[in-house]
Protein chains: 2
Amino acid sequence: MNTLEIPEPTVKRLSSYLLVLLQLQEQGKRYVSSNELADELFIESGKVRKDFQYARIKGRPKRGYEVPYLIQEIDRILNWTGPKPAIIIGAGSLGTAMLGYENFNRYGIKFMGAFDVDRRRVGMDIHGVKISHIDDLESVVKSKGIKIAVMTLPGENIQEITDRLVKAGIKGIWNFAPVRLGAPEGVAVVNAQFSESLAVLTQQVD
Amino acid sequence: MNTLEIPEPTVKRLSSYLLVLLQLQEQGKRYVSSNELADELFIESGKVRKDFQYARIKGRPKRGYEVPYLIQEIDRILNWTGPKPAIIIGAGSLGTAMLGYENFNRYGIKFMGAFDVDRRRVGMDIHGVKISHIDDLESVVKSKGIKIAVMTLPGENIQEITDRLVKAGIKGIWNFAPVRLGAPEGVAVVNAQFSESLAVLTQQVD
C-alpha cells in the first residue's frame, strides 16, 4: 500500500493532470502553473495547489511546476511507473473492448489473462490474450503473481468469483458487473457500474 | 431538470438499490427493509434511510418499503421510466461494445445513432445502429430530438465536438474520452475516464 493518505477526488484529479502533462511534454513545455492546469480541467487553481500539497509535490516560486518532475511524481503515487499484470473476468463485448484498449498500459495495468464461463470462448485469442475457463482462475493468478482483476461479467455469481480471486491473491478489483462488490480488508474494490454513472447523468436531463 | 436536489452519492446509490430491487421483484418479494438493502450493498442501513429521505421516499412502520413503489419512485427520480434517445460519438471498440450493451435500455437510454470521424466506418451497421459521419451530427440530433450523447472518441477535437453537440441541443454528455470536458450552464457532463477510476484502484495496490 502507498503510504500517503490521499483523498479519492485528489487521486482522480492527479490522473487528469497527468493526461494534460503528457500533452505539454509532447509540446516541449518545461514548466506549468497551477492556473494553466486548472484552466485545462475546468477547476479552481486553488484546488490544484491543494491536490499537490496532499501529494507532497513542490513547485518553484514564479516558474511553477516542472513538467517532467510532476509526471514522475504522479506516476509514482498512482503506481503507474510500469504496468502491473492484470486479468479480466468476462470476455464478452465489454471485456473484448477492454482487451483492445491500448491506453491501459499507460494507466498502470497490462492484461496477462482473460477468463470466461462460456466454454465456447475458451482458447480464443483476443488482442493477443488467450481466453481461459474460469475454473483455471486460481492457477493463473498464482503462477503469474497477478494482483489486479477487472470484472466485466454480466452478473451471475460475481461475489463468489470475487471471493475466489481474493483467496488466490488478488489485491485490487475494478468492477463493471451490475452488482456492488464487497471485499475483505486489504483488498481495494472500485465499483464502476455504468448504471451509477448514467444515473447521475439522466437524473439531470429531463 | 428534476426539481429535487439530490447529492450525487445518493443518486449513485439509488441506481444500485434499483438493481437489488429488480432482483427482489423477480423473486416475488413485496417488502424490503433498509437493513436488507444495506447488507446487499455493504453500506450502513442509516445511509439507506437518509438516501430515501433525500429522495422523499416513504416506508411503512414495521413492514419496511414496498418493492414496486420503491422501483417506481427511483425510476421516476432517475428519469428511467422509459429510455431516452441517445447517440454515441466514436464507433471504435468501446463504442461498439456500448452499442451492444442491452442493459442501457433499463438505465434510461437507447442509442438512435452513432458517429465516427473515420469514413471507412460510415454506413456500417453495429448492433442495429447505423454509423454516420461526424459532419451529420447536427441534422440527426435536431431531427430526432436527441438530448444525450456518449463520447467514446480516443481524444482529438473532443471539446470542439462537445461545443457542436451543445449547440445542436444535447443536454447531457457521458464522457469516456481521455480529456475532461467542460460544458455550459444547463448541460450535464459526467466525466467517466477509465484513467480516473483505474488511478483510484492502482494507487491502493502496490
# chains A, B, ... in the order shown; residues from 1 in each chain; ligands from 1

call {"tool": "residues_around", "arguments": {"residues": "region 88-99 of chain B", "least_positions_apart": "5", "cutoff": "6 Å", "atoms": "only C-alpha atoms", "output": "PDB file with all heavy atoms, in the first residue's frame"}}
result
ATOM      1  N   SER A  93     -18.615  -8.465 -24.878  1.00  0.00           N
ATOM      2  CA  SER A  93     -18.293  -7.292 -25.696  1.00  0.00           C
ATOM      3  C   SER A  93     -17.494  -6.249 -24.913  1.00  0.00           C
ATOM      4  O   SER A  93     -16.531  -5.687 -25.432  1.00  0.00           O
ATOM      5  CB  SER A  93     -19.560  -6.686 -26.298  1.00  0.00           C
ATOM      6  OG  SER A  93     -20.444  -6.284 -25.285  1.00  0.00           O
ATOM      7  N   LEU A  94     -17.845  -6.015 -23.646  1.00  0.00           N
ATOM      8  CA  LEU A  94     -17.084  -5.032 -22.868  1.00  0.00           C
ATOM      9  C   LEU A  94     -15.661  -5.540 -22.598  1.00  0.00           C
ATOM     10  O   LEU A  94     -14.686  -4.805 -22.773  1.00  0.00           O
ATOM     11  CB  LEU A  94     -17.789  -4.702 -21.552  1.00  0.00           C
ATOM     12  CG  LEU A  94     -17.084  -3.656 -20.683  1.00  0.00           C
ATOM     13  CD1 LEU A  94     -16.942  -2.332 -21.415  1.00  0.00           C
ATOM     14  CD2 LEU A  94     -17.799  -3.461 -19.357  1.00  0.00           C
ATOM     15  N   ALA A  97     -13.591  -5.221 -25.695  1.00  0.00           N
ATOM     16  CA  ALA A  97     -13.209  -3.826 -25.938  1.00  0.00           C
ATOM     17  C   ALA A  97     -12.051  -3.435 -25.030  1.00  0.00           C
ATOM     18  O   ALA A  97     -11.098  -2.777 -25.450  1.00  0.00           O
ATOM     19  CB  ALA A  97     -14.394  -2.895 -25.704  1.00  0.00           C
TER      20      ALA A  97
ATOM     21  N   ALA B 114     -25.086   6.696 -34.246  1.00  0.00           N
ATOM     22  CA  ALA B 114     -23.673   6.615 -33.872  1.00  0.00           C
ATOM     23  C   ALA B 114     -22.871   7.362 -34.924  1.00  0.00           C
ATOM     24  O   ALA B 114     -23.242   7.377 -36.105  1.00  0.00           O
ATOM     25  CB  ALA B 114     -23.233   5.163 -33.799  1.00  0.00           C
ATOM     26  N   PHE B 115     -21.777   8.000 -34.476  1.00  0.00           N
ATOM     27  CA  PHE B 115     -20.999   8.852 -35.372  1.00  0.00           C
ATOM     28  C   PHE B 115     -19.523   8.537 -35.239  1.00  0.00           C
ATOM     29  O   PHE B 115     -19.051   8.174 -34.153  1.00  0.00           O
ATOM     30  CB  PHE B 115     -21.231  10.341 -35.029  1.00  0.00           C
ATOM     31  CG  PHE B 115     -22.654  10.743 -35.213  1.00  0.00           C
ATOM     32  CD1 PHE B 115     -23.577  10.549 -34.195  1.00  0.00           C
ATOM     33  CD2 PHE B 115     -23.077  11.274 -36.421  1.00  0.00           C
ATOM     34  CE1 PHE B 115     -24.896  10.890 -34.369  1.00  0.00           C
ATOM     35  CE2 PHE B 115     -24.414  11.616 -36.602  1.00  0.00           C
ATOM     36  CZ  PHE B 115     -25.317  11.418 -35.576  1.00  0.00           C
ATOM     37  N   ASP B 116     -18.817   8.688 -36.351  1.00  0.00           N
ATOM     38  CA  ASP B 116     -17.375   8.496 -36.296  1.00  0.00           C
ATOM     39  C   ASP B 116     -16.707   9.485 -37.239  1.00  0.00           C
ATOM     40  O   ASP B 116     -17.345  10.020 -38.147  1.00  0.00           O
ATOM     41  CB  ASP B 116     -17.011   7.054 -36.657  1.00  0.00           C
ATOM     42  CG  ASP B 116     -15.702   6.627 -36.016  1.00  0.00           C
ATOM     43  OD1 ASP B 116     -14.627   7.092 -36.470  1.00  0.00           O
ATOM     44  OD2 ASP B 116     -15.735   5.856 -35.050  1.00  0.00           O
ATOM     45  N   ALA B 149     -25.662  12.404 -25.266  1.00  0.00           N
ATOM     46  CA  ALA B 149     -24.581  11.903 -26.114  1.00  0.00           C
ATOM     47  C   ALA B 149     -23.530  11.203 -25.261  1.00  0.00           C
ATOM     48  O   ALA B 149     -23.219  11.652 -24.155  1.00  0.00           O
ATOM     49  CB  ALA B 149     -23.935  13.055 -26.887  1.00  0.00           C
ATOM     50  N   VAL B 150     -23.017  10.087 -25.785  1.00  0.00           N
ATOM     51  CA  VAL B 150     -21.949   9.345 -25.122  1.00  0.00           C
ATOM     52  C   VAL B 150     -20.699   9.507 -25.977  1.00  0.00           C
ATOM     53  O   VAL B 150     -20.737   9.267 -27.186  1.00  0.00           O
ATOM     54  CB  VAL B 150     -22.316   7.850 -24.986  1.00  0.00           C
ATOM     55  CG1 VAL B 150     -21.206   7.092 -24.258  1.00  0.00           C
ATOM     56  CG2 VAL B 150     -23.649   7.682 -24.262  1.00  0.00           C
ATOM     57  N   MET B 151     -19.609   9.955 -25.353  1.00  0.00           N
ATOM     58  CA  MET B 151     -18.387  10.276 -26.088  1.00  0.00           C
ATOM     59  C   MET B 151     -17.346   9.178 -25.883  1.00  0.00           C
ATOM     60  O   MET B 151     -16.850   8.994 -24.772  1.00  0.00           O
ATOM     61  CB  MET B 151     -17.864  11.610 -25.549  1.00  0.00           C
ATOM     62  CG  MET B 151     -16.692  12.177 -26.272  1.00  0.00           C
ATOM     63  SD  MET B 151     -17.177  12.914 -27.843  1.00  0.00           S
ATOM     64  CE  MET B 151     -17.723  14.538 -27.294  1.00  0.00           C
ATOM     65  N   THR B 152     -17.039   8.447 -26.950  1.00  0.00           N
ATOM     66  CA  THR B 152     -16.030   7.382 -26.814  1.00  0.00           C
ATOM     67  C   THR B 152     -14.904   7.543 -27.839  1.00  0.00           C
ATOM     68  O   THR B 152     -14.221   6.576 -28.154  1.00  0.00           O
ATOM     69  CB  THR B 152     -16.663   5.978 -26.989  1.00  0.00           C
ATOM     70  OG1 THR B 152     -17.243   5.883 -28.297  1.00  0.00           O
ATOM     71  CG2 THR B 152     -17.724   5.699 -25.946  1.00  0.00           C
ATOM     72  N   LEU B 153     -14.717   8.768 -28.344  1.00  0.00           N
ATOM     73  CA  LEU B 153     -13.590   9.006 -29.251  1.00  0.00           C
ATOM     74  C   LEU B 153     -12.283   8.971 -28.459  1.00  0.00           C
ATOM     75  O   LEU B 153     -12.274   9.319 -27.274  1.00  0.00           O
ATOM     76  CB  LEU B 153     -13.734  10.377 -29.921  1.00  0.00           C
ATOM     77  CG  LEU B 153     -14.694  10.471 -31.113  1.00  0.00           C
ATOM     78  CD1 LEU B 153     -14.719  11.905 -31.629  1.00  0.00           C
ATOM     79  CD2 LEU B 153     -14.296   9.528 -32.241  1.00  0.00           C
TER      80      LEU B 153
END

call {"tool": "atom_distance", "arguments": {"atom1": "CA of Val205 (chain B)", "atom2": "CA of Gly172 (chain A)"}}
result
6.2 Å

call {"tool": "closest_residue", "arguments": {"among": "B:Thr81, B:Gln72, B:Ser132, B:Gln53", "to": "chain A", "atoms": "only C-alpha atoms"}}
result
B:Thr81

call {"tool": "interface_residues", "arguments": {"of": "chain A", "to": "chain B", "cutoff": "6 Å", "atoms": "only C-alpha atoms", "output": "list in words"}}
result
Met1, Lys12, Ser15, Leu41, Leu78, Asn79, Ser93, Leu94, Ala97, Tyr107, Arg180, Ser195, Glu196, Ala199, Thr202, Gln203, Gln204, Val205 and Asp206 of chain A

call {"tool": "write_last_selection", "arguments": {"atoms": "all heavy atoms", "output": "compact mmCIF listing (two decimals), in the first residue's frame"}}
result
# COMPACT_ATOMS: atom_id res chain seq x y z
N MET A 1 0.84 -1.20 0.00
CA MET A 1 0.00 0.00 0.00
C MET A 1 0.88 1.26 0.00
O MET A 1 1.89 1.32 0.68
CB MET A 1 -0.88 0.04 1.26
CG MET A 1 -1.91 -1.06 1.31
SD MET A 1 -3.46 -0.56 0.50
CE MET A 1 -4.24 -2.18 0.36
N LYS A 12 -8.19 11.04 -8.33
CA LYS A 12 -8.78 11.13 -9.67
C LYS A 12 -8.22 12.30 -10.45
O LYS A 12 -7.88 12.18 -11.62
CB LYS A 12 -10.30 11.26 -9.56
CG LYS A 12 -10.98 9.98 -9.14
CD LYS A 12 -12.49 10.15 -9.14
CE LYS A 12 -13.16 8.82 -8.80
NZ LYS A 12 -14.63 8.95 -8.75
N SER A 15 -4.73 11.89 -11.91
CA SER A 15 -4.69 11.18 -13.20
C SER A 15 -5.06 12.12 -14.34
O SER A 15 -4.51 12.00 -15.44
CB SER A 15 -5.60 9.95 -13.18
OG SER A 15 -6.96 10.34 -13.25
N LEU A 41 -8.66 21.79 -16.88
CA LEU A 41 -9.60 20.83 -16.28
C LEU A 41 -10.88 21.49 -15.75
O LEU A 41 -11.69 20.83 -15.10
CB LEU A 41 -8.92 20.05 -15.15
CG LEU A 41 -7.67 19.26 -15.56
CD1 LEU A 41 -7.13 18.49 -14.37
CD2 LEU A 41 -7.98 18.30 -16.70
N LEU A 78 0.51 7.06 -8.20
CA LEU A 78 -0.56 6.20 -8.74
C LEU A 78 -0.06 4.77 -9.00
O LEU A 78 -0.84 3.92 -9.42
CB LEU A 78 -1.11 6.79 -10.04
CG LEU A 78 -1.72 8.19 -9.95
CD1 LEU A 78 -2.25 8.62 -11.32
CD2 LEU A 78 -2.84 8.25 -8.92
N ASN A 79 1.21 4.53 -8.72
CA ASN A 79 1.82 3.23 -9.07
C ASN A 79 1.75 2.95 -10.57
O ASN A 79 1.47 1.84 -10.99
CB ASN A 79 1.15 2.09 -8.29
CG ASN A 79 1.53 2.10 -6.83
OD1 ASN A 79 2.70 2.26 -6.48
ND2 ASN A 79 0.54 1.95 -5.95
N SER A 93 -18.61 -8.47 -24.88
CA SER A 93 -18.29 -7.29 -25.70
C SER A 93 -17.49 -6.25 -24.91
O SER A 93 -16.53 -5.69 -25.43
CB SER A 93 -19.56 -6.69 -26.30
OG SER A 93 -20.44 -6.28 -25.28
N LEU A 94 -17.85 -6.01 -23.65
CA LEU A 94 -17.08 -5.03 -22.87
C LEU A 94 -15.66 -5.54 -22.60
O LEU A 94 -14.69 -4.81 -22.77
CB LEU A 94 -17.79 -4.70 -21.55
CG LEU A 94 -17.08 -3.66 -20.68
CD1 LEU A 94 -16.94 -2.33 -21.42
CD2 LEU A 94 -17.80 -3.46 -19.36
N ALA A 97 -13.59 -5.22 -25.70
CA ALA A 97 -13.21 -3.83 -25.94
C ALA A 97 -12.05 -3.43 -25.03
O ALA A 97 -11.10 -2.78 -25.45
CB ALA A 97 -14.39 -2.89 -25.70
N TYR A 107 -1.91 3.51 -18.04
CA TYR A 107 -2.64 3.70 -16.78
C TYR A 107 -2.36 2.58 -15.79
O TYR A 107 -3.20 2.26 -14.94
CB TYR A 107 -4.15 3.79 -17.02
CG TYR A 107 -4.60 4.80 -18.05
CD1 TYR A 107 -5.81 4.65 -18.72
CD2 TYR A 107 -3.84 5.93 -18.36
CE1 TYR A 107 -6.25 5.58 -19.66
CE2 TYR A 107 -4.26 6.85 -19.30
CZ TYR A 107 -5.46 6.66 -19.95
OH TYR A 107 -5.89 7.57 -20.88
N ARG A 180 -22.92 -4.44 -6.79
CA ARG A 180 -21.87 -3.84 -5.97
C ARG A 180 -21.11 -4.93 -5.27
O ARG A 180 -21.70 -5.86 -4.72
CB ARG A 180 -22.46 -2.90 -4.93
CG ARG A 180 -22.51 -1.46 -5.39
CD ARG A 180 -22.93 -0.57 -4.25
NE ARG A 180 -21.79 0.02 -3.59
CZ ARG A 180 -21.22 1.16 -4.00
NH1 ARG A 180 -21.66 1.78 -5.05
NH2 ARG A 180 -20.19 1.65 -3.35
N SER A 195 -24.41 1.81 -14.72
CA SER A 195 -25.71 2.28 -14.24
C SER A 195 -25.56 3.47 -13.30
O SER A 195 -26.34 4.42 -13.36
CB SER A 195 -26.47 1.15 -13.55
OG SER A 195 -25.65 0.50 -12.61
N GLU A 196 -24.54 3.45 -12.42
CA GLU A 196 -24.35 4.54 -11.46
C GLU A 196 -24.01 5.84 -12.17
O GLU A 196 -24.56 6.90 -11.86
CB GLU A 196 -23.20 4.22 -10.50
CG GLU A 196 -23.56 3.24 -9.42
CD GLU A 196 -22.57 3.28 -8.25
OE1 GLU A 196 -21.57 4.03 -8.33
OE2 GLU A 196 -22.80 2.55 -7.28
N ALA A 199 -26.90 7.12 -14.07
CA ALA A 199 -27.93 7.67 -13.18
C ALA A 199 -27.66 9.16 -12.91
O ALA A 199 -28.58 9.99 -12.94
CB ALA A 199 -27.99 6.90 -11.86
N THR A 202 -28.65 11.02 -16.27
CA THR A 202 -30.07 11.09 -16.66
C THR A 202 -30.91 11.81 -15.60
O THR A 202 -31.91 12.41 -15.93
CB THR A 202 -30.66 9.69 -16.90
OG1 THR A 202 -30.50 8.90 -15.72
CG2 THR A 202 -29.96 9.01 -18.07
N GLN A 203 -30.47 11.76 -14.34
CA GLN A 203 -31.23 12.44 -13.29
C GLN A 203 -31.31 13.95 -13.59
O GLN A 203 -32.25 14.61 -13.18
CB GLN A 203 -30.56 12.19 -11.94
CG GLN A 203 -31.47 12.46 -10.73
CD GLN A 203 -31.13 13.77 -10.05
OE1 GLN A 203 -29.99 14.24 -10.10
NE2 GLN A 203 -32.12 14.38 -9.42
N GLN A 204 -30.30 14.45 -14.29
CA GLN A 204 -30.23 15.88 -14.57
C GLN A 204 -30.83 16.26 -15.93
O GLN A 204 -30.90 17.44 -16.26
CB GLN A 204 -28.77 16.35 -14.55
CG GLN A 204 -28.08 16.12 -13.22
CD GLN A 204 -26.60 16.48 -13.32
OE1 GLN A 204 -26.26 17.64 -13.45
NE2 GLN A 204 -25.74 15.49 -13.26
N VAL A 205 -31.19 15.26 -16.75
CA VAL A 205 -31.70 15.55 -18.09
C VAL A 205 -33.15 15.11 -18.19
O VAL A 205 -33.45 13.94 -18.05
CB VAL A 205 -30.86 14.82 -19.17
CG1 VAL A 205 -31.41 15.14 -20.56
CG2 VAL A 205 -29.40 15.22 -19.08
N ASP A 206 -33.99 16.07 -18.42
CA ASP A 206 -35.42 15.77 -18.42
C ASP A 206 -35.88 15.18 -19.74
O ASP A 206 -35.39 15.54 -20.78
CB ASP A 206 -36.19 17.08 -18.13
CG ASP A 206 -37.27 16.81 -17.12
OD1 ASP A 206 -37.43 15.65 -16.75
OD2 ASP A 206 -37.94 17.78 -16.70
